[in-house]
Amino acid sequence: DSTSETFGESCGPLPTKSPSTPPTNTPSNGPTISPTSTPTDSCVSIQVDVLTDKYPEETSWTLTNTCTGDEVWIKERNEYTDKYTQYTETKCFEPGKYTFEIRDSWGDGICCEYEEGKYEVTYDGEVVASGGEFDDFESETFGGSCDA
């Protein structure tokens with residue numbers, strides 16, 4: 001019925017004019033994707049401000065997740081090196097209950113005897129702990145509950 005002319009060498013059979021299997025108009029069912037867990041991109045901002053005293057190397061602190069008992073943020077002795085300097089650090093954590101504990105290795109706090117050192121902790125925009133006048137350490141628990 002149809003005639004064709006071949007030019008050059010043959011590369012195999014010539015294509016047919018119509019598809020051998022007609023295409024379907026209905027799309028096939030694709031895979032169903034269902035999440036295995038609900039994504040959680042919620043976190044609360046915790047900010048720690050420390051104004052060091054004359055002996056900054058004596059100051060250290062920890063932030064503990066009270067629900068798990070894990071120390072989630074640690075500032076070791078000797079990490080503060082500059083006298084009378086304001087340090088501000090912020091991190092994001094899962095909502096929950098936390099305990100902030102600040103220590104002074106000499107046992108005289110960071111305020112009053114050797115200048116006016118102080119600290120302040122903010123949880124989700126709210127000041128939850130502050131001070132500076134303590135002996136060896138001071139701690140404050142804040143935040144939500146341990147219920148999931």
# chains A, B, ... in the order shown; residues from 1 in each chain; ligands from 1
>>> residues_around(residues="Ile74 of chain A", least_positions_apart="2", cutoff="8 Å", atoms="only C-alpha atoms", output="list in words")
Ser60, Trp61, Thr62, Leu63, Glu71, Val72 and Glu76 of chain A
>>> write_last_selection(atoms="C-alpha atoms", output="PDB file, in the first residue's frame")
ATOM      1  CA  SER A  60      30.316  28.149  83.164  1.00  0.00           C
ATOM      2  CA  TRP A  61      26.740  27.046  82.561  1.00  0.00           C
ATOM      3  CA  THR A  62      24.583  24.203  81.276  1.00  0.00           C
ATOM      4  CA  LEU A  63      21.137  23.954  79.770  1.00  0.00           C
ATOM      5  CA  GLU A  71      22.580  18.462  78.741  1.00  0.00           C
ATOM      6  CA  VAL A  72      21.744  20.125  75.428  1.00  0.00           C
ATOM      7  CA  GLU A  76      32.661  25.271  79.919  1.00  0.00           C
TER       8      GLU A  76
END
>>> residues_around(residues="Pro95 of chain A", least_positions_apart="5", cutoff="8 Å", atoms="only C-alpha atoms", output="ChimeraX atom specification")
/A:42-44,143-144
>>> write_last_selection(atoms="N, CA, C and O atoms", output="PDB file, in the first residue's frame")
ATOM      1  N   SER A  42       8.673  23.157  64.493  1.00  0.00           N
ATOM      2  CA  SER A  42       8.497  24.155  65.540  1.00  0.00           C
ATOM      3  C   SER A  42       9.639  24.033  66.533  1.00  0.00           C
ATOM      4  O   SER A  42      10.043  22.947  66.899  1.00  0.00           O
ATOM      5  N   CYS A  43      10.153  25.151  66.906  1.00  0.00           N
ATOM      6  CA  CYS A  43      11.190  25.176  67.930  1.00  0.00           C
ATOM      7  C   CYS A  43      11.052  26.479  68.696  1.00  0.00           C
ATOM      8  O   CYS A  43      10.404  27.407  68.222  1.00  0.00           O
ATOM      9  N   VAL A  44      11.635  26.497  69.860  1.00  0.00           N
ATOM     10  CA  VAL A  44      11.624  27.727  70.648  1.00  0.00           C
ATOM     11  C   VAL A  44      13.055  28.243  70.738  1.00  0.00           C
ATOM     12  O   VAL A  44      14.002  27.484  70.842  1.00  0.00           O
ATOM     13  N   GLY A 143       9.922  26.753  80.961  1.00  0.00           N
ATOM     14  CA  GLY A 143       9.435  26.183  79.718  1.00  0.00           C
ATOM     15  C   GLY A 143       8.108  25.472  79.924  1.00  0.00           C
ATOM     16  O   GLY A 143       7.418  25.680  80.915  1.00  0.00           O
ATOM     17  N   GLY A 144       7.798  24.610  78.978  1.00  0.00           N
ATOM     18  CA  GLY A 144       6.525  23.900  78.989  1.00  0.00           C
ATOM     19  C   GLY A 144       6.557  22.658  79.836  1.00  0.00           C
ATOM     20  O   GLY A 144       7.273  22.581  80.836  1.00  0.00           O
TER      21      GLY A 144
END
>>> residues_around(residues="Lys83 of chain A", least_positions_apart="2", cutoff="7 Å", atoms="only C-alpha atoms", output="PDB file with N, CA, C and O atoms, in the first residue's frame")
ATOM      1  N   THR A  52      30.319  39.314  81.653  1.00  0.00           N
ATOM      2  CA  THR A  52      31.342  38.734  82.525  1.00  0.00           C
ATOM      3  C   THR A  52      31.842  39.734  83.559  1.00  0.00           C
ATOM      4  O   THR A  52      31.749  40.947  83.369  1.00  0.00           O
ATOM      5  N   ASP A  53      32.386  39.190  84.638  1.00  0.00           N
ATOM      6  CA  ASP A  53      32.983  40.018  85.688  1.00  0.00           C
ATOM      7  C   ASP A  53      34.499  40.084  85.463  1.00  0.00           C
ATOM      8  O   ASP A  53      34.975  39.816  84.356  1.00  0.00           O
ATOM      9  N   LYS A  54      35.234  40.402  86.489  1.00  0.00           N
ATOM     10  CA  LYS A  54      36.686  40.542  86.389  1.00  0.00           C
ATOM     11  C   LYS A  54      37.377  39.202  86.111  1.00  0.00           C
ATOM     12  O   LYS A  54      38.490  39.168  85.598  1.00  0.00           O
ATOM     13  N   TYR A  55      36.706  38.092  86.446  1.00  0.00           N
ATOM     14  CA  TYR A  55      37.286  36.763  86.272  1.00  0.00           C
ATOM     15  C   TYR A  55      36.370  35.898  85.395  1.00  0.00           C
ATOM     16  O   TYR A  55      35.724  34.972  85.875  1.00  0.00           O
ATOM     17  N   PRO A  56      36.309  36.173  84.088  1.00  0.00           N
ATOM     18  CA  PRO A  56      35.357  35.479  83.211  1.00  0.00           C
ATOM     19  C   PRO A  56      35.606  33.978  83.092  1.00  0.00           C
ATOM     20  O   PRO A  56      34.662  33.209  82.891  1.00  0.00           O
ATOM     21  N   THR A  81      36.591  34.614  77.968  1.00  0.00           N
ATOM     22  CA  THR A  81      37.981  35.045  78.147  1.00  0.00           C
ATOM     23  C   THR A  81      38.134  36.547  78.368  1.00  0.00           C
ATOM     24  O   THR A  81      39.171  36.982  78.864  1.00  0.00           O
ATOM     25  N   THR A  85      32.661  41.828  79.546  1.00  0.00           N
ATOM     26  CA  THR A  85      32.213  41.745  78.151  1.00  0.00           C
ATOM     27  C   THR A  85      30.844  41.076  78.083  1.00  0.00           C
ATOM     28  O   THR A  85      30.591  40.091  78.779  1.00  0.00           O
TER      29      THR A  85
END
>>> residues_around(residues="Glu58 of chain A", least_positions_apart="6", cutoff="12 Å", atoms="only C-alpha atoms", output="PyMOL selection string")
chain A and resi 52+75-83+102-110+117+135-137
>>> write_last_selection(atoms="C-alpha atoms", output="compact mmCIF listing (two decimals), in the first residue's frame")
# COMPACT_ATOMS: atom_id res chain seq x y z
CA THR A 52 31.34 38.73 82.52
CA LYS A 75 29.50 26.54 78.19
CA GLU A 76 32.66 25.27 79.92
CA ARG A 77 35.01 27.12 82.28
CA ASN A 78 37.64 29.15 80.40
CA GLU A 79 35.37 29.66 77.36
CA TYR A 80 34.67 33.23 78.47
CA THR A 81 37.98 35.05 78.15
CA ASP A 82 37.25 38.77 78.11
CA LYS A 83 36.59 40.73 81.30
CA ILE A 102 25.20 28.86 85.98
CA ARG A 103 28.34 28.20 88.02
CA ASP A 104 31.26 30.22 89.35
CA SER A 105 34.29 28.06 90.14
CA TRP A 106 35.62 30.50 92.78
CA GLY A 107 32.27 30.51 94.55
CA ASP A 108 31.55 34.24 94.50
CA GLY A 109 29.06 34.52 91.61
CA ILE A 110 29.53 37.02 88.82
CA GLY A 117 28.56 40.78 86.00
CA ASP A 135 27.82 31.65 95.47
CA ASP A 136 28.86 28.45 93.64
CA PHE A 137 25.84 28.11 91.36
